[in-house]
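Accompanying notes for the structure given below.
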Amino acid sequence: MTEAEINSLKESGKGKDTYNQPDFYNIDDLLSDEHKMVRDSVRSYVKRELSPIIEECAQQNYFPSHIVKQLGEVGCFGPQIPAEYGGGGLDYISYGLAMQELERCDSGIRSTASVQGSLVMYPIHKFGSEEQKRKFLPKLGSGEMLGCFGLTEPDHGSNPNGMTTHFTEDGDSIILNGAKMWISNAPEADVAIVWAKNPDGIVQGVIVERGMEGFTTPTTHGKWSLRASITGELVFDNVRIPKSNILPKVTGLKGPLTCLNSARYGISWGALGAAMDCYESARKYASERHQFGRPIGGFQLQQKKLAEMLTEITKAQLVCWRLGNLMNNGKATPAQISMAKRNNVEIAMNIAREARQMHGGMGITGEYPIMRHMMNLESVVTYEGTHDIHLLILGMEITGENAFT
Ligand code: TGC
Ligand code: FAD
């Protein structure tokens, strides 16, 4: 899409966004003024800049890269990272609310932000050297640079420990070989956090920079989901990288999995945002659409759907809020995060399906956001640990038995 097309969509009034969020249990009362300010500023940014263009971006399978700087300006990149390193210096509830508002618009937009904040800035901040932090974090926080996170490989998805991407050492350099697949942001990324095995077979994080010889990022085509997000591969063919680009403060699979805790937490809020958007659209449609001489919202079957949607949304809001407080106190466990990600994505998928039915034939068109959310959520339920992997993480927590080995 050209800049002129984007401007014309914004001026056309198409995609006018009158969204108001459901808050049946007055959860706003649990939020601080700062939380509400973050949420409201991201929401008004979404209404102004994203809602007018998102449907067209998804229809055209177009990643609106011009928004990367805007997302930085509005504070969506690493709100939970300290301000001195280019983050927002905010807490985990603010981070969650920002992800909720972005995914209320589109899961692909939230993906761009959660990869940048939780999977690129977070590992550099937590596991990087002071020099790495100073070099990369401010530019990532402002959106001057875009990052991606390479863990998954063609033959190792749910089981990243099987990865074959590896490096050897050569003086002050390492030589990286292998490939990563399904990587959000990859084709446009300036830097990639890549997890690879060192000569002892131990997983380490490496910062790979665009332009390094032998490093390519082919685009993945043909997606029916996350069409406004760009996905690709990371291919390493004898890439020479200075040893100073290795993240020095972590070894082993707990490195990438620690980053995933933060990202999965953000997804639990994000999926809630998608669910709220579907619910609100269905609620409005039920009062506007007449059949048999009355609004369809007057029929008991439609009321049942809306009542059940609102119930699940309210439960998920409380889960997010509580988990956010546990995150703020450093007390959230991986299994608690798995429960929230798994539950909230599932309820969002169910709500999207019910909302689609309530919109009748119109529900399959781009006039309403439902089908786009539905298709996006098919990725969200798979990435950052599939639905079944999170169930098994919970199963292990409950029984003490590891179903993976
Ligand atoms: P296991 O032996 O259990 O653990 C290995 C080491 O890691 C530690 N650990 C964790 N540490 C921090 N947080 C967690 N959540 C952790 N889970 C495990 C563990 O204590 C151990 O440490 P140590 O010191 O003893 O070495 O590992 P396993 O090989 O049995 O695998 C466990 C399993 C299956 C749960 C894990 O591999 C897993 O979560 N698999 C799912 C893979 C996944 O989520 N991939 C996501 C790729 S990134 C992505 O999808 C981004 S999408 C972004 C977007 O667009 O939004
Ligand atoms: P597999 O692991 O092959 O799983 C296939 C099926 O088998 C699943 O249903 C799974 O639940 C099931 N299964 C696997 N193991 C078990 C078991 N032990 N018991 C029971 N069932 C099991 N990855 C990144 O590293 N970075 C990214 O930025 C990124 N972005 C992505 C963007 C998109 C749009 C998508 C679709 C994926 C992205 N991923 C990314 C990859 C994602 O994390 C993986 O797709 C996911 O972890 C699952 O891996 P897989 O696709 O190889 O499926």
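Ordering of the structure tokens sets the chain letters (A, B, ...), residue numbers begin anew at 1 in every chain, and ligands are numbered from 1 in the order given.
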
Using only C-alpha atoms and all ligand atoms, tabulate the residues of chain A lying at most 8 Å from any atom of ligand 2, each with its closest atom pair and that distance in Å to one decimal, by chain and increasing residue number, as a Markdown table.
```
| residue | atom | partner | partner_atom_place_in_ligand_line | distance |
| --- | --- | --- | --- | --- |
| A:Val115 | CA | ligand 2 | 28 (O) | 6.6 |
| A:Cys148 | CA | ligand 2 | 28 (O) | 6.1 |
| A:Phe149 | CA | ligand 2 | 26 (N) | 4.9 |
| A:Gly150 | CA | ligand 2 | 25 (O) | 4.3 |
| A:Leu151 | CA | ligand 2 | 25 (O) | 3.5 |
| A:Thr152 | CA | ligand 2 | 25 (O) | 3.9 |
| A:Glu153 | CA | ligand 2 | 52 (O) | 7.2 |
| A:Pro154 | CA | ligand 2 | 52 (O) | 6.7 |
| A:Asp155 | CA | ligand 2 | 52 (O) | 6.5 |
| A:His156 | CA | ligand 2 | 52 (O) | 5.6 |
| A:Gly157 | CA | ligand 2 | 52 (O) | 3.3 |
| A:Ser158 | CA | ligand 2 | 2 (O) | 3.6 |
| A:Asn159 | CA | ligand 2 | 2 (O) | 6.3 |
| A:Lys180 | CA | ligand 2 | 25 (O) | 7.1 |
| A:Met181 | CA | ligand 2 | 23 (N) | 6.7 |
| A:Trp182 | CA | ligand 2 | 38 (C) | 4.5 |
| A:Ile183 | CA | ligand 2 | 28 (O) | 3.7 |
| A:Ser184 | CA | ligand 2 | 28 (O) | 3.8 |
| A:Asn185 | CA | ligand 2 | 28 (O) | 6.9 |
| A:Ala186 | CA | ligand 2 | 28 (O) | 7.6 |
| A:Lys223 | CA | ligand 2 | 34 (C) | 7.8 |
| A:Ser225 | CA | ligand 2 | 34 (C) | 6.9 |
| A:Leu226 | CA | ligand 2 | 34 (C) | 6.0 |
| A:Ser229 | CA | ligand 2 | 34 (C) | 7.9 |
| A:Thr231 | CA | ligand 2 | 32 (C) | 6.2 |
| A:Glu378 | CA | ligand 2 | 36 (C) | 7.9 |
| A:Ser379 | CA | ligand 2 | 36 (C) | 4.7 |
| A:Val380 | CA | ligand 2 | 36 (C) | 7.4 |
| A:Thr382 | CA | ligand 2 | 46 (C) | 5.3 |
| A:Tyr383 | CA | ligand 2 | 43 (O) | 3.7 |
| A:Glu384 | CA | ligand 2 | 43 (O) | 4.7 |
| A:Gly385 | CA | ligand 2 | 47 (O) | 4.8 |
| A:Thr386 | CA | ligand 2 | 11 (O) | 4.9 |
| A:His387 | CA | ligand 2 | 11 (O) | 6.2 |
| A:Asp388 | CA | ligand 2 | 11 (O) | 4.6 |
| A:Ile389 | CA | ligand 2 | 11 (O) | 5.4 |
| A:Leu392 | CA | ligand 2 | 19 (N) | 7.3 |
| A:Ala403 | CA | ligand 2 | 18 (N) | 6.8 |
| A:Phe404 | CA | ligand 2 | 18 (N) | 5.0 |
```

All residues 6 Å or closer to Gly87 (chain A), only C-alpha atoms, same chain fewer than 3 positions away omitted, as a ChimeraX atom specification: /A:78-79,81-83,141

DSSP strand (DSSP E) residues within region 157-366 of chain A, as a PDB file with N, CA, C and O atoms, in the first residue's frame:
```pdb
ATOM      1  N   HIS A 166      23.487 -23.882  15.128  1.00  0.00           N
ATOM      2  CA  HIS A 166      24.648 -23.980  16.029  1.00  0.00           C
ATOM      3  C   HIS A 166      25.754 -23.046  15.572  1.00  0.00           C
ATOM      4  O   HIS A 166      25.723 -22.550  14.435  1.00  0.00           O
ATOM      5  N   PHE A 167      26.707 -22.817  16.451  1.00  0.00           N
ATOM      6  CA  PHE A 167      27.863 -22.019  16.041  1.00  0.00           C
ATOM      7  C   PHE A 167      29.162 -22.654  16.511  1.00  0.00           C
ATOM      8  O   PHE A 167      29.192 -23.415  17.488  1.00  0.00           O
ATOM      9  N   THR A 168      30.219 -22.343  15.736  1.00  0.00           N
ATOM     10  CA  THR A 168      31.576 -22.724  16.129  1.00  0.00           C
ATOM     11  C   THR A 168      32.323 -21.439  16.467  1.00  0.00           C
ATOM     12  O   THR A 168      31.825 -20.334  16.183  1.00  0.00           O
ATOM     13  N   GLU A 169      33.498 -21.570  17.048  1.00  0.00           N
ATOM     14  CA  GLU A 169      34.259 -20.375  17.428  1.00  0.00           C
ATOM     15  C   GLU A 169      35.450 -20.207  16.498  1.00  0.00           C
ATOM     16  O   GLU A 169      36.046 -21.188  16.046  1.00  0.00           O
ATOM     17  N   ASP A 170      35.765 -18.937  16.213  1.00  0.00           N
ATOM     18  CA  ASP A 170      36.937 -18.643  15.384  1.00  0.00           C
ATOM     19  C   ASP A 170      37.526 -17.314  15.870  1.00  0.00           C
ATOM     20  O   ASP A 170      37.059 -16.236  15.474  1.00  0.00           O
ATOM     21  N   SER A 173      35.346 -14.292  16.867  1.00  0.00           N
ATOM     22  CA  SER A 173      34.046 -14.428  16.180  1.00  0.00           C
ATOM     23  C   SER A 173      33.443 -15.801  16.452  1.00  0.00           C
ATOM     24  O   SER A 173      34.139 -16.729  16.882  1.00  0.00           O
ATOM     25  N   ILE A 174      32.142 -15.876  16.146  1.00  0.00           N
ATOM     26  CA  ILE A 174      31.509 -17.194  16.044  1.00  0.00           C
ATOM     27  C   ILE A 174      31.016 -17.323  14.604  1.00  0.00           C
ATOM     28  O   ILE A 174      30.777 -16.307  13.930  1.00  0.00           O
ATOM     29  N   ILE A 175      30.843 -18.563  14.158  1.00  0.00           N
ATOM     30  CA  ILE A 175      30.341 -18.811  12.807  1.00  0.00           C
ATOM     31  C   ILE A 175      29.021 -19.565  12.974  1.00  0.00           C
ATOM     32  O   ILE A 175      28.999 -20.683  13.500  1.00  0.00           O
ATOM     33  N   LEU A 176      27.928 -18.912  12.540  1.00  0.00           N
ATOM     34  CA  LEU A 176      26.578 -19.441  12.795  1.00  0.00           C
ATOM     35  C   LEU A 176      26.019 -20.118  11.549  1.00  0.00           C
ATOM     36  O   LEU A 176      26.072 -19.561  10.445  1.00  0.00           O
ATOM     37  N   ASN A 177      25.440 -21.311  11.754  1.00  0.00           N
ATOM     38  CA  ASN A 177      24.792 -22.042  10.659  1.00  0.00           C
ATOM     39  C   ASN A 177      23.454 -22.604  11.131  1.00  0.00           C
ATOM     40  O   ASN A 177      23.323 -22.988  12.292  1.00  0.00           O
ATOM     41  N   GLY A 178      22.499 -22.667  10.193  1.00  0.00           N
ATOM     42  CA  GLY A 178      21.200 -23.248  10.520  1.00  0.00           C
ATOM     43  C   GLY A 178      20.075 -22.390   9.977  1.00  0.00           C
ATOM     44  O   GLY A 178      20.299 -21.503   9.144  1.00  0.00           O
ATOM     45  N   ALA A 179      18.857 -22.669  10.444  1.00  0.00           N
ATOM     46  CA  ALA A 179      17.695 -21.923   9.942  1.00  0.00           C
ATOM     47  C   ALA A 179      16.583 -21.902  10.986  1.00  0.00           C
ATOM     48  O   ALA A 179      16.402 -22.869  11.733  1.00  0.00           O
ATOM     49  N   LYS A 180      15.879 -20.786  11.030  1.00  0.00           N
ATOM     50  CA  LYS A 180      14.704 -20.642  11.891  1.00  0.00           C
ATOM     51  C   LYS A 180      13.498 -20.411  10.988  1.00  0.00           C
ATOM     52  O   LYS A 180      13.625 -19.863   9.889  1.00  0.00           O
ATOM     53  N   MET A 181      12.326 -20.795  11.474  1.00  0.00           N
ATOM     54  CA  MET A 181      11.125 -20.720  10.637  1.00  0.00           C
ATOM     55  C   MET A 181       9.990 -20.085  11.428  1.00  0.00           C
ATOM     56  O   MET A 181       9.985 -20.172  12.655  1.00  0.00           O
ATOM     57  N   TRP A 182       9.054 -19.486  10.713  1.00  0.00           N
ATOM     58  CA  TRP A 182       7.869 -18.886  11.333  1.00  0.00           C
ATOM     59  C   TRP A 182       8.237 -17.703  12.221  1.00  0.00           C
ATOM     60  O   TRP A 182       7.746 -17.600  13.342  1.00  0.00           O
ATOM     61  N   ILE A 183       9.101 -16.829  11.744  1.00  0.00           N
ATOM     62  CA  ILE A 183       9.592 -15.770  12.627  1.00  0.00           C
ATOM     63  C   ILE A 183       8.887 -14.443  12.339  1.00  0.00           C
ATOM     64  O   ILE A 183       9.062 -13.842  11.262  1.00  0.00           O
ATOM     65  N   SER A 184       8.087 -13.977  13.323  1.00  0.00           N
ATOM     66  CA  SER A 184       7.362 -12.709  13.183  1.00  0.00           C
ATOM     67  C   SER A 184       8.367 -11.571  13.023  1.00  0.00           C
ATOM     68  O   SER A 184       9.390 -11.542  13.723  1.00  0.00           O
ATOM     69  N   VAL A 191      17.463  -6.435  13.621  1.00  0.00           N
ATOM     70  CA  VAL A 191      18.219  -7.362  14.469  1.00  0.00           C
ATOM     71  C   VAL A 191      17.368  -8.580  14.807  1.00  0.00           C
ATOM     72  O   VAL A 191      16.134  -8.487  14.875  1.00  0.00           O
ATOM     73  N   ALA A 192      18.061  -9.697  15.019  1.00  0.00           N
ATOM     74  CA  ALA A 192      17.365 -10.929  15.407  1.00  0.00           C
ATOM     75  C   ALA A 192      18.040 -11.494  16.657  1.00  0.00           C
ATOM     76  O   ALA A 192      19.264 -11.585  16.708  1.00  0.00           O
ATOM     77  N   ILE A 193      17.201 -11.830  17.652  1.00  0.00           N
ATOM     78  CA  ILE A 193      17.727 -12.582  18.800  1.00  0.00           C
ATOM     79  C   ILE A 193      17.594 -14.055  18.407  1.00  0.00           C
ATOM     80  O   ILE A 193      16.474 -14.565  18.253  1.00  0.00           O
ATOM     81  N   VAL A 194      18.732 -14.695  18.229  1.00  0.00           N
ATOM     82  CA  VAL A 194      18.724 -16.065  17.709  1.00  0.00           C
ATOM     83  C   VAL A 194      19.251 -17.008  18.780  1.00  0.00           C
ATOM     84  O   VAL A 194      20.295 -16.742  19.391  1.00  0.00           O
ATOM     85  N   TRP A 195      18.506 -18.089  18.984  1.00  0.00           N
ATOM     86  CA  TRP A 195      18.922 -19.090  19.978  1.00  0.00           C
ATOM     87  C   TRP A 195      19.560 -20.250  19.236  1.00  0.00           C
ATOM     88  O   TRP A 195      18.951 -20.830  18.329  1.00  0.00           O
ATOM     89  N   ALA A 196      20.813 -20.538  19.608  1.00  0.00           N
ATOM     90  CA  ALA A 196      21.597 -21.533  18.865  1.00  0.00           C
ATOM     91  C   ALA A 196      22.475 -22.300  19.846  1.00  0.00           C
ATOM     92  O   ALA A 196      22.764 -21.814  20.946  1.00  0.00           O
ATOM     93  N   LYS A 197      22.910 -23.486  19.414  1.00  0.00           N
ATOM     94  CA  LYS A 197      23.757 -24.302  20.318  1.00  0.00           C
ATOM     95  C   LYS A 197      25.232 -23.948  20.132  1.00  0.00           C
ATOM     96  O   LYS A 197      25.701 -23.796  18.997  1.00  0.00           O
ATOM     97  N   VAL A 203      22.443 -24.176  24.618  1.00  0.00           N
ATOM     98  CA  VAL A 203      21.741 -23.075  23.948  1.00  0.00           C
ATOM     99  C   VAL A 203      22.249 -21.725  24.463  1.00  0.00           C
ATOM    100  O   VAL A 203      22.383 -21.513  25.675  1.00  0.00           O
ATOM    101  N   GLN A 204      22.536 -20.828  23.502  1.00  0.00           N
ATOM    102  CA  GLN A 204      22.908 -19.450  23.866  1.00  0.00           C
ATOM    103  C   GLN A 204      22.172 -18.476  22.948  1.00  0.00           C
ATOM    104  O   GLN A 204      21.778 -18.836  21.839  1.00  0.00           O
ATOM    105  N   GLY A 205      22.029 -17.238  23.411  1.00  0.00           N
ATOM    106  CA  GLY A 205      21.374 -16.199  22.603  1.00  0.00           C
ATOM    107  C   GLY A 205      22.418 -15.358  21.893  1.00  0.00           C
ATOM    108  O   GLY A 205      23.429 -14.975  22.485  1.00  0.00           O
ATOM    109  N   VAL A 206      22.161 -15.084  20.606  1.00  0.00           N
ATOM    110  CA  VAL A 206      23.103 -14.298  19.802  1.00  0.00           C
ATOM    111  C   VAL A 206      22.332 -13.173  19.119  1.00  0.00           C
ATOM    112  O   VAL A 206      21.232 -13.403  18.604  1.00  0.00           O
ATOM    113  N   ILE A 207      22.914 -11.974  19.111  1.00  0.00           N
ATOM    114  CA  ILE A 207      22.279 -10.859  18.387  1.00  0.00           C
ATOM    115  C   ILE A 207      22.839 -10.855  16.965  1.00  0.00           C
ATOM    116  O   ILE A 207      24.027 -10.597  16.759  1.00  0.00           O
ATOM    117  N   VAL A 208      21.975 -11.163  16.007  1.00  0.00           N
ATOM    118  CA  VAL A 208      22.394 -11.178  14.600  1.00  0.00           C
ATOM    119  C   VAL A 208      21.865  -9.908  13.945  1.00  0.00           C
ATOM    120  O   VAL A 208      20.687  -9.577  14.101  1.00  0.00           O
ATOM    121  N   GLU A 209      22.750  -9.196  13.230  1.00  0.00           N
ATOM    122  CA  GLU A 209      22.360  -7.892  12.673  1.00  0.00           C
ATOM    123  C   GLU A 209      22.187  -7.996  11.161  1.00  0.00           C
ATOM    124  O   GLU A 209      22.956  -8.691  10.490  1.00  0.00           O
ATOM    125  N   PHE A 215      23.521 -13.953   6.071  1.00  0.00           N
ATOM    126  CA  PHE A 215      22.261 -13.911   6.847  1.00  0.00           C
ATOM    127  C   PHE A 215      21.138 -13.393   5.945  1.00  0.00           C
ATOM    128  O   PHE A 215      21.209 -12.270   5.451  1.00  0.00           O
ATOM    129  N   THR A 216      20.110 -14.240   5.712  1.00  0.00           N
ATOM    130  CA  THR A 216      18.968 -13.820   4.883  1.00  0.00           C
ATOM    131  C   THR A 216      17.659 -14.112   5.611  1.00  0.00           C
ATOM    132  O   THR A 216      17.612 -14.957   6.516  1.00  0.00           O
ATOM    133  N   THR A 231       5.857 -12.389   8.378  1.00  0.00           N
ATOM    134  CA  THR A 231       6.490 -13.583   8.948  1.00  0.00           C
ATOM    135  C   THR A 231       7.564 -14.065   7.971  1.00  0.00           C
ATOM    136  O   THR A 231       7.379 -13.930   6.765  1.00  0.00           O
ATOM    137  N   GLY A 232       8.621 -14.646   8.494  1.00  0.00           N
ATOM    138  CA  GLY A 232       9.653 -15.141   7.576  1.00  0.00           C
ATOM    139  C   GLY A 232      10.562 -16.168   8.212  1.00  0.00           C
ATOM    140  O   GLY A 232      10.324 -16.643   9.324  1.00  0.00           O
ATOM    141  N   GLU A 233      11.593 -16.496   7.444  1.00  0.00           N
ATOM    142  CA  GLU A 233      12.616 -17.419   7.959  1.00  0.00           C
ATOM    143  C   GLU A 233      13.866 -16.615   8.305  1.00  0.00           C
ATOM    144  O   GLU A 233      14.023 -15.483   7.856  1.00  0.00           O
ATOM    145  N   LEU A 234      14.737 -17.239   9.071  1.00  0.00           N
ATOM    146  CA  LEU A 234      16.074 -16.689   9.301  1.00  0.00           C
ATOM    147  C   LEU A 234      17.037 -17.777   8.824  1.00  0.00           C
ATOM    148  O   LEU A 234      16.978 -18.907   9.330  1.00  0.00           O
ATOM    149  N   VAL A 235      17.855 -17.451   7.859  1.00  0.00           N
ATOM    150  CA  VAL A 235      18.769 -18.456   7.316  1.00  0.00           C
ATOM    151  C   VAL A 235      20.207 -18.001   7.567  1.00  0.00           C
ATOM    152  O   VAL A 235      20.556 -16.852   7.265  1.00  0.00           O
ATOM    153  N   PHE A 236      21.008 -18.895   8.131  1.00  0.00           N
ATOM    154  CA  PHE A 236      22.394 -18.552   8.488  1.00  0.00           C
ATOM    155  C   PHE A 236      23.337 -19.483   7.734  1.00  0.00           C
ATOM    156  O   PHE A 236      23.336 -20.694   7.965  1.00  0.00           O
ATOM    157  N   ASP A 237      24.103 -18.892   6.849  1.00  0.00           N
ATOM    158  CA  ASP A 237      25.033 -19.670   6.045  1.00  0.00           C
ATOM    159  C   ASP A 237      26.442 -19.162   6.367  1.00  0.00           C
ATOM    160  O   ASP A 237      26.898 -18.182   5.788  1.00  0.00           O
ATOM    161  N   ASN A 238      27.062 -19.799   7.340  1.00  0.00           N
ATOM    162  CA  ASN A 238      28.417 -19.385   7.772  1.00  0.00           C
ATOM    163  C   ASN A 238      28.469 -17.901   8.118  1.00  0.00           C
ATOM    164  O   ASN A 238      29.324 -17.165   7.618  1.00  0.00           O
ATOM    165  N   VAL A 239      27.544 -17.453   8.942  1.00  0.00           N
ATOM    166  CA  VAL A 239      27.509 -16.030   9.307  1.00  0.00           C
ATOM    167  C   VAL A 239      28.561 -15.761  10.396  1.00  0.00           C
ATOM    168  O   VAL A 239      28.519 -16.370  11.470  1.00  0.00           O
ATOM    169  N   ARG A 240      29.472 -14.846  10.077  1.00  0.00           N
ATOM    170  CA  ARG A 240      30.522 -14.485  11.052  1.00  0.00           C
ATOM    171  C   ARG A 240      29.987 -13.359  11.939  1.00  0.00           C
ATOM    172  O   ARG A 240      29.562 -12.305  11.450  1.00  0.00           O
ATOM    173  N   ILE A 241      30.002 -13.596  13.236  1.00  0.00           N
ATOM    174  CA  ILE A 241      29.414 -12.650  14.193  1.00  0.00           C
ATOM    175  C   ILE A 241      30.421 -12.414  15.320  1.00  0.00           C
ATOM    176  O   ILE A 241      31.006 -13.383  15.838  1.00  0.00           O
ATOM    177  N   PRO A 242      30.644 -11.151  15.721  1.00  0.00           N
ATOM    178  CA  PRO A 242      31.573 -10.935  16.835  1.00  0.00           C
ATOM    179  C   PRO A 242      31.074 -11.621  18.107  1.00  0.00           C
ATOM    180  O   PRO A 242      29.863 -11.611  18.379  1.00  0.00           O
ATOM    181  N   HIS A 290     -32.561  -6.253  12.458  1.00  0.00           N
ATOM    182  CA  HIS A 290     -33.935  -6.693  12.722  1.00  0.00           C
ATOM    183  C   HIS A 290     -34.289  -7.916  11.880  1.00  0.00           C
ATOM    184  O   HIS A 290     -34.009  -7.949  10.694  1.00  0.00           O
ATOM    185  N   GLN A 291     -34.921  -8.877  12.485  1.00  0.00           N
ATOM    186  CA  GLN A 291     -35.533 -10.005  11.782  1.00  0.00           C
ATOM    187  C   GLN A 291     -36.845 -10.320  12.505  1.00  0.00           C
ATOM    188  O   GLN A 291     -36.948 -10.113  13.715  1.00  0.00           O
ATOM    189  N   ARG A 294     -38.259  -7.501  14.806  1.00  0.00           N
ATOM    190  CA  ARG A 294     -37.646  -7.012  16.053  1.00  0.00           C
ATOM    191  C   ARG A 294     -36.125  -7.187  16.005  1.00  0.00           C
ATOM    192  O   ARG A 294     -35.627  -7.980  15.201  1.00  0.00           O
ATOM    193  N   PRO A 295     -35.399  -6.471  16.870  1.00  0.00           N
ATOM    194  CA  PRO A 295     -33.940  -6.659  16.871  1.00  0.00           C
ATOM    195  C   PRO A 295     -33.605  -8.101  17.246  1.00  0.00           C
ATOM    196  O   PRO A 295     -34.260  -8.674  18.128  1.00  0.00           O
TER     197      PRO A 295
END
```

Which residues, written as a PDB file with C-alpha atoms, in the first residue's frame, have at least one atom at most 10 Å from Ser44 (chain A), with only C-alpha atoms counted and residues fewer than 5 positions away on the same chain left out?
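out.pdb, written as the output of this step:
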```
ATOM      1  CA  ASP A  17     -14.140   3.147  15.383  1.00  0.00           C
ATOM      2  CA  ARG A  39      -4.786   2.150  28.042  1.00  0.00           C
ATOM      3  CA  GLU A  49      -4.152   5.499  13.030  1.00  0.00           C
ATOM      4  CA  LEU A  50      -4.917   1.781  12.873  1.00  0.00           C
ATOM      5  CA  SER A  51      -8.650   1.152  12.743  1.00  0.00           C
ATOM      6  CA  GLU A 101      -5.658  -2.414  23.100  1.00  0.00           C
TER       7      GLU A 101
END
```

Contact residues around Lys254 (chain A) with only C-alpha atoms at 12 Å, ignoring same-chain residues under 5 positions, as a count of residues only: 14

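With distances restricted to only C-alpha atoms, A:Leu71 is the closest residue to Met145 (chain A) from A:Cys105, A:Met358, A:Leu71, A:Val381.
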
Region 263-265 of chain A surroundings by only C-alpha atoms, 9 Å radius, close-in-sequence under 3 positions cut, as a PyMOL selection string: chain A and resi 92+96+114-115+117-119+259-260+268-270+320+323-324+327+337-338+340-341+384-385

Backbone-only DSSP, helix (DSSP H, G or I) members of region 121-317 of chain A, as a ChimeraX atom specification: /A:121-127,130-142,160-162,186-188,243-245,254-288,296-298,300-317

Selection: 12 Å around Asn402 (chain A), only C-alpha atoms, excl. self and same-chain fewer than 3 positions, as an MDAnalysis selection string: chainID A and resid 389 391:399 405

Top pick for closest residue to Lys69 (chain A), considering A:Ala332, A:Leu146, A:Cys278, A:Val250 and counting only C-alpha atoms: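 Under the stated criterion, the closest residue is A:Leu146.
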
Interatomic distance, CA of Leu140 (chain A) to atom 19 (C, counted along the ligand's line) of ligand 1 (Å, one decimal):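 Interatomic distance here is 28.2 Å.
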